[in-house]
Amino acid sequence: MAAQSFDMIVIGAGPGGYVAAIRGAQLGLKVAIVEREHMGGICLNWGCIPTKALLRSSEVFHLMNHAKDYGLSADNISYDLDAVVKRSRGVAKQLNSGIGHLMKKNKVTTFMGAASLPAKGKVSVKTDKGSEELSAKHIVVATGARARELPGLEADGKRVWTYKHALQPPHMPKKLLVIGSGAIGIEFASFYNTLGAETIVVEVMDRILPVEDAEIAGFAKKAFAKQGMTIMEKAMVKQLDRGKDKVTAHIEMGGKVQKQDFDTVISAVGIVGNVEGFGLEELGVKIDRTHVVTDDYCRTGVEGVYAIGDIAGAPWLAHKASHEGVMVAELIAGQKPHPVKPESIAGCTYCHPQIASVGMTEAKAKEAGYDIKVGRFPFIGNGKAIALGEPEGMVKTVFDAKTGELLGAHMVGAEVTEMIQGYVVGRTLETTEAELMETVFPHPTLSEMMHESVLDAFDRAIHI
């Protein structure tokens with residue numbers, strides 16, 4: 001049987017793969033996409049989207065408990081965890097079916113099954129019905145990543161969970177240990193803590209949210225502590241003793257090991273790329289610490305093989321994957337796209353308070369040898385924040401003192417995940433402080449704090 005032939009085959013239908021397929025089809029390429037599990041990948045089914053749905057429920061629950069602050073009354077406030085989870089799964093399902101529709105609309109041929117690369121330009125797909133042989137000059141690998149499992153701390157789905165179990169919890173945690181304080185760990189800690197779980201977060205580094213600006217992470221830590229969370233930094237979970245209805249964690253901190261009992265543990269200690277078992281290395285693709293080595297254009301060094309998204313390394317973000325997908329499709333179609341710049345990609349964490357950042361932290365800018373100007377503006381100085389009842393937060397901007405280039409922006413507080421985009425556009429347009437100062441921000445909005453933070457960096461802030 002002759003192999004079905006395409007211009008471009010995409011392996012993996014997450015936010016990298018499905019976007020690459022659509023862009024390729026828009027540019028007139030004959031495209032196939034292979035997905036072994038869910039259209040939309042982890043992001044849509046088990047990551048970004050369902051977690052945001054859960055966090056929205058906990059945010060509304062938090063507001064209901066503070067109704068009195070707004071001159072409102074609400075009695076007998078409670079939640080139904082099964083219904084909260086059901087809503088989250090419904091949101092994911094709605095979007096998952098939307099991806100299938102987009103593939104049809106763009107005339108992308110979909111194969112559900114596990115792909116392997118038996119030879120250059122060839123893809124074999126193991127489906128329910130047998131196997132399909134495909135060929136294409138260009139193959140885009142977008143197989144994503146999975147949760148890292150540390151020896152002895154592996155998930156069992158009962159008492160020790162990964163993000164997947166935490167999205168469909170078998171029970172409501174009473175006392176919860178979260179191992180790892182990156183975005184995933186902190187979001188689940190925030191969700192379960194708000195719903196009343198006694199929550200302890202253990203972070204091996206010297207501070208939580210280690211990729212964020214130290215000042216912003218410190219502000220968030222205080223907010224979490226105020227909400228009743230216990231944060232243990234420079235600490236390590238050495239082992240877990242699993243009982244029938246409890247887990248005893250051995251936590252080392254400051255050279256001492258303490259034992260604590262928990263009914264639930266969430267492990268969120270990073271991810272590993274899905275690189276093994278389908279023929280990448282046999283083709284000559286270089287892999288470094290579970291990630292495919294690529295150039296700026298996501299080319300692997302093996303002609304006709306590209307890698308995008310989580311499998312191609314940090315930052316492990318859906319929007320980075322999508323942008324790389326567009327870039328690779330345009331490259332294959334003979335266009336001249338710009339490479340994706342990791343330093344202009346914003347990171348967002350949807351805990352309470354939210355955290356968002358783009359570019360260099362203050363420490364990184366100093367390390368890189370810049371002479372910097374730093375501006376800050378607190379939420380307490382903003383009319384809209386006070387009216388919303390969200391007076392806790394801060395916007396911080398870092399500029400090159402010599403050129404006025406916006407090197408980085410960092411925020412913590414209500415809705416900052418929506419606001420960060422203003423600075424992202426600014427960086428893409430290579431803005432300096434002059435344009436940002438001359439921009440008229442609408443009043444009353446939270447975004448005015450972005451203006452004031454820029455003004456503050458140059459000693460011109462009005463409202464502090």
# chains A, B, ... in the order shown; residues from 1 in each chain; ligands from 1

call {"tool": "residues_around", "arguments": {"residues": "range 406-422 of chain A", "least_positions_apart": "6", "cutoff": "8 Å", "atoms": "only C-alpha atoms", "output": "PDB file with N, CA and C atoms, in the first residue's frame"}}
result
ATOM      1  N   GLU A 212      10.301  34.174  38.743  1.00  0.00           N
ATOM      2  CA  GLU A 212       9.766  35.539  38.820  1.00  0.00           C
ATOM      3  C   GLU A 212      10.765  36.486  39.483  1.00  0.00           C
ATOM      4  N   ASP A 213      10.510  37.772  39.331  1.00  0.00           N
ATOM      5  CA  ASP A 213      11.297  38.797  40.015  1.00  0.00           C
ATOM      6  C   ASP A 213      11.196  38.579  41.525  1.00  0.00           C
ATOM      7  N   ILE A 216       8.571  40.586  43.487  1.00  0.00           N
ATOM      8  CA  ILE A 216       7.192  40.161  43.190  1.00  0.00           C
ATOM      9  C   ILE A 216       6.889  38.840  43.902  1.00  0.00           C
ATOM     10  N   PHE A 219       6.312  39.495  47.536  1.00  0.00           N
ATOM     11  CA  PHE A 219       4.982  40.078  47.751  1.00  0.00           C
ATOM     12  C   PHE A 219       3.922  38.974  47.733  1.00  0.00           C
ATOM     13  N   ALA A 220       4.028  38.075  46.731  1.00  0.00           N
ATOM     14  CA  ALA A 220       3.067  36.972  46.612  1.00  0.00           C
ATOM     15  C   ALA A 220       3.136  36.059  47.837  1.00  0.00           C
ATOM     16  N   ALA A 346       5.446  36.551  27.623  1.00  0.00           N
ATOM     17  CA  ALA A 346       4.977  36.775  28.995  1.00  0.00           C
ATOM     18  C   ALA A 346       4.650  35.458  29.675  1.00  0.00           C
ATOM     19  N   CYS A 348       2.325  33.911  32.886  1.00  0.00           N
ATOM     20  CA  CYS A 348       1.176  34.280  33.729  1.00  0.00           C
ATOM     21  C   CYS A 348       0.869  33.162  34.712  1.00  0.00           C
ATOM     22  N   THR A 349       0.636  33.515  35.961  1.00  0.00           N
ATOM     23  CA  THR A 349       0.250  32.533  36.979  1.00  0.00           C
ATOM     24  C   THR A 349      -1.057  33.007  37.598  1.00  0.00           C
ATOM     25  N   TYR A 350      -2.060  32.098  37.615  1.00  0.00           N
ATOM     26  CA  TYR A 350      -3.443  32.507  37.933  1.00  0.00           C
ATOM     27  C   TYR A 350      -3.835  32.192  39.364  1.00  0.00           C
ATOM     28  N   HIS A 352      -4.151  33.474  43.453  1.00  0.00           N
ATOM     29  CA  HIS A 352      -4.759  34.695  44.012  1.00  0.00           C
ATOM     30  C   HIS A 352      -3.773  35.281  45.005  1.00  0.00           C
ATOM     31  N   PRO A 353      -3.120  36.406  44.808  1.00  0.00           N
ATOM     32  CA  PRO A 353      -3.223  37.306  43.656  1.00  0.00           C
ATOM     33  C   PRO A 353      -2.512  36.748  42.416  1.00  0.00           C
ATOM     34  N   GLN A 354      -2.937  37.233  41.239  1.00  0.00           N
ATOM     35  CA  GLN A 354      -2.306  36.798  39.991  1.00  0.00           C
ATOM     36  C   GLN A 354      -0.893  37.378  39.860  1.00  0.00           C
ATOM     37  N   ILE A 355      -0.091  36.697  39.046  1.00  0.00           N
ATOM     38  CA  ILE A 355       1.281  37.149  38.790  1.00  0.00           C
ATOM     39  C   ILE A 355       1.512  37.123  37.286  1.00  0.00           C
ATOM     40  N   ALA A 356       2.181  38.148  36.746  1.00  0.00           N
ATOM     41  CA  ALA A 356       2.477  38.174  35.316  1.00  0.00           C
ATOM     42  C   ALA A 356       3.782  38.919  35.092  1.00  0.00           C
ATOM     43  N   SER A 357       4.556  38.457  34.104  1.00  0.00           N
ATOM     44  CA  SER A 357       5.845  39.106  33.858  1.00  0.00           C
ATOM     45  C   SER A 357       6.294  38.910  32.425  1.00  0.00           C
ATOM     46  N   VAL A 358       7.162  39.809  31.974  1.00  0.00           N
ATOM     47  CA  VAL A 358       7.790  39.670  30.654  1.00  0.00           C
ATOM     48  C   VAL A 358       9.202  40.262  30.748  1.00  0.00           C
ATOM     49  N   GLY A 359      10.134  39.659  30.026  1.00  0.00           N
ATOM     50  CA  GLY A 359      11.487  40.215  29.978  1.00  0.00           C
ATOM     51  C   GLY A 359      12.303  39.918  31.218  1.00  0.00           C
ATOM     52  N   MET A 360      13.311  40.746  31.447  1.00  0.00           N
ATOM     53  CA  MET A 360      14.282  40.495  32.516  1.00  0.00           C
ATOM     54  C   MET A 360      13.777  40.930  33.884  1.00  0.00           C
ATOM     55  N   THR A 361      14.136  40.139  34.896  1.00  0.00           N
ATOM     56  CA  THR A 361      13.906  40.564  36.278  1.00  0.00           C
ATOM     57  C   THR A 361      14.946  41.640  36.599  1.00  0.00           C
ATOM     58  N   GLU A 362      14.753  42.313  37.709  1.00  0.00           N
ATOM     59  CA  GLU A 362      15.722  43.344  38.122  1.00  0.00           C
ATOM     60  C   GLU A 362      17.112  42.723  38.285  1.00  0.00           C
ATOM     61  N   ALA A 365      18.730  41.820  34.890  1.00  0.00           N
ATOM     62  CA  ALA A 365      19.170  43.022  34.162  1.00  0.00           C
ATOM     63  C   ALA A 365      20.502  43.517  34.719  1.00  0.00           C
ATOM     64  N   PHE A 379      -1.048  48.918  44.033  1.00  0.00           N
ATOM     65  CA  PHE A 379      -2.489  48.894  43.750  1.00  0.00           C
ATOM     66  C   PHE A 379      -3.245  49.863  44.661  1.00  0.00           C
ATOM     67  N   ALA A 385      -8.629  49.815  41.523  1.00  0.00           N
ATOM     68  CA  ALA A 385      -8.280  48.692  42.409  1.00  0.00           C
ATOM     69  C   ALA A 385      -9.024  48.809  43.736  1.00  0.00           C
ATOM     70  N   GLU A 390      -9.704  45.350  45.614  1.00  0.00           N
ATOM     71  CA  GLU A 390      -8.461  44.597  45.352  1.00  0.00           C
ATOM     72  C   GLU A 390      -7.251  45.521  45.535  1.00  0.00           C
ATOM     73  N   GLU A 392      -4.428  45.120  47.005  1.00  0.00           N
ATOM     74  CA  GLU A 392      -3.112  44.528  47.240  1.00  0.00           C
ATOM     75  C   GLU A 392      -2.458  44.117  45.932  1.00  0.00           C
ATOM     76  N   GLY A 393      -1.326  44.731  45.634  1.00  0.00           N
ATOM     77  CA  GLY A 393      -0.627  44.379  44.403  1.00  0.00           C
ATOM     78  C   GLY A 393       0.392  45.431  44.036  1.00  0.00           C
ATOM     79  N   MET A 394       1.116  45.156  42.955  1.00  0.00           N
ATOM     80  CA  MET A 394       2.169  46.075  42.546  1.00  0.00           C
ATOM     81  C   MET A 394       2.520  45.856  41.081  1.00  0.00           C
ATOM     82  N   VAL A 395       2.867  46.950  40.404  1.00  0.00           N
ATOM     83  CA  VAL A 395       3.402  46.888  39.040  1.00  0.00           C
ATOM     84  C   VAL A 395       4.834  47.404  39.120  1.00  0.00           C
ATOM     85  N   LYS A 396       5.742  46.660  38.495  1.00  0.00           N
ATOM     86  CA  LYS A 396       7.162  47.022  38.555  1.00  0.00           C
ATOM     87  C   LYS A 396       7.735  47.024  37.142  1.00  0.00           C
ATOM     88  N   THR A 397       8.472  48.067  36.779  1.00  0.00           N
ATOM     89  CA  THR A 397       9.073  48.136  35.443  1.00  0.00           C
ATOM     90  C   THR A 397      10.574  48.368  35.559  1.00  0.00           C
ATOM     91  N   VAL A 398      11.317  47.739  34.645  1.00  0.00           N
ATOM     92  CA  VAL A 398      12.780  47.832  34.647  1.00  0.00           C
ATOM     93  C   VAL A 398      13.238  48.389  33.296  1.00  0.00           C
ATOM     94  N   PHE A 399      13.955  49.502  33.326  1.00  0.00           N
ATOM     95  CA  PHE A 399      14.411  50.170  32.097  1.00  0.00           C
ATOM     96  C   PHE A 399      15.937  50.233  32.034  1.00  0.00           C
ATOM     97  N   ASP A 400      16.450  50.260  30.812  1.00  0.00           N
ATOM     98  CA  ASP A 400      17.858  50.561  30.580  1.00  0.00           C
ATOM     99  C   ASP A 400      18.007  52.072  30.745  1.00  0.00           C
ATOM    100  N   GLU A 430       9.575  47.738  20.357  1.00  0.00           N
ATOM    101  CA  GLU A 430      10.855  48.322  20.786  1.00  0.00           C
ATOM    102  C   GLU A 430      10.669  49.713  21.376  1.00  0.00           C
ATOM    103  N   THR A 431       9.677  49.799  22.233  1.00  0.00           N
ATOM    104  CA  THR A 431       9.338  51.087  22.837  1.00  0.00           C
ATOM    105  C   THR A 431      10.390  51.531  23.862  1.00  0.00           C
ATOM    106  N   THR A 432      10.416  52.827  24.097  1.00  0.00           N
ATOM    107  CA  THR A 432      11.206  53.357  25.219  1.00  0.00           C
ATOM    108  C   THR A 432      10.223  54.000  26.191  1.00  0.00           C
ATOM    109  N   GLU A 433      10.769  54.521  27.294  1.00  0.00           N
ATOM    110  CA  GLU A 433       9.883  55.132  28.297  1.00  0.00           C
ATOM    111  C   GLU A 433       9.104  56.311  27.717  1.00  0.00           C
ATOM    112  N   LEU A 446      -7.254  49.616  35.928  1.00  0.00           N
ATOM    113  CA  LEU A 446      -6.053  49.088  36.571  1.00  0.00           C
ATOM    114  C   LEU A 446      -4.822  49.419  35.723  1.00  0.00           C
ATOM    115  N   SER A 447      -5.027  49.523  34.404  1.00  0.00           N
ATOM    116  CA  SER A 447      -3.895  49.750  33.493  1.00  0.00           C
ATOM    117  C   SER A 447      -3.177  51.074  33.754  1.00  0.00           C
TER     118      SER A 447
END

call {"tool": "residues_around", "arguments": {"residues": "range 87-100 of chain A", "least_positions_apart": "6", "cutoff": "7 Å", "atoms": "only C-alpha atoms", "output": "list of chain:residue names"}}
result
A:Met39, A:Gly40, A:Leu44, A:Asn45, A:Ile49, A:Pro50, A:Ala53, A:Leu54

call {"tool": "select_by_dssp", "arguments": {"residues": "range 125-326 of chain A", "states": "strand (DSSP E)", "output": "PyMOL selection string"}}
result
chain A and resi 125-127+130-141+145-147+160-161+175-179+198-202+230-232+235-242+247-253+256-262+264-267+271-273+287-288+291-292+305-307

call {"tool": "closest_residue", "arguments": {"among": "A:Arg427, A:Arg23, A:Lys222, A:Lys246", "to": "Lys107 in chain A", "atoms": "only C-alpha atoms"}}
result
A:Arg23

call {"tool": "closest_residue", "arguments": {"among": "A:Gly426, A:Pro342, A:Gly243, A:Gly301", "to": "Pro315 in chain A", "atoms": "only C-alpha atoms"}}
result
A:Pro342

call {"tool": "select_by_dssp", "arguments": {"residues": "range 257-448 of chain A", "states": "alpha helix (DSSP H)", "output": "ChimeraX atom specification"}}
result
/A:280-283,318-332,362-367,383-388,416-428,433-438,448

call {"tool": "closest_residue", "arguments": {"among": "A:Leu150, A:Leu240, A:Val84, A:Ala307", "to": "Ile9 in chain A", "atoms": "only C-alpha atoms"}}
result
A:Ala307

call {"tool": "closest_residue", "arguments": {"among": "A:Glu324, A:Glu438, A:Glu330, A:Asp156", "to": "Gln26 in chain A", "atoms": "only C-alpha atoms"}}
result
A:Glu330

call {"tool": "closest_residue", "arguments": {"among": "A:Glu215, A:Glu133, A:Asp245, A:Asp263", "to": "Val178 in chain A", "atoms": "only C-alpha atoms"}}
result
A:Asp263

call {"tool": "residues_around", "arguments": {"residues": "range 275-290 of chain A", "least_positions_apart": "3", "cutoff": "10 Å", "atoms": "only C-alpha atoms", "output": "VMD selection string"}}
result
chain A and resid 114 to 120 123 to 124 141 to 145 271 to 272 293 to 294 299 to 303 305 to 307 311 to 313

call {"tool": "residues_around", "arguments": {"residues": "Lys234 in chain A", "least_positions_apart": "5", "cutoff": "7 Å", "atoms": "only C-alpha atoms", "output": "list in words"}}
result
Glu203, Val204, Met205, Asp206 and Met253 of chain A

call {"tool": "write_last_selection", "arguments": {"atoms": "C-alpha atoms", "output": "CSV table (one decimal), in the first residue's frame"}}
result
chain,number,residue,atom,x,y,z
A,203,GLU,CA,10.2,24.7,47.4
A,204,VAL,CA,13.8,23.4,47.0
A,205,MET,CA,15.1,26.8,45.7
A,206,ASP,CA,15.7,29.8,48.1
A,253,MET,CA,15.0,22.1,55.9
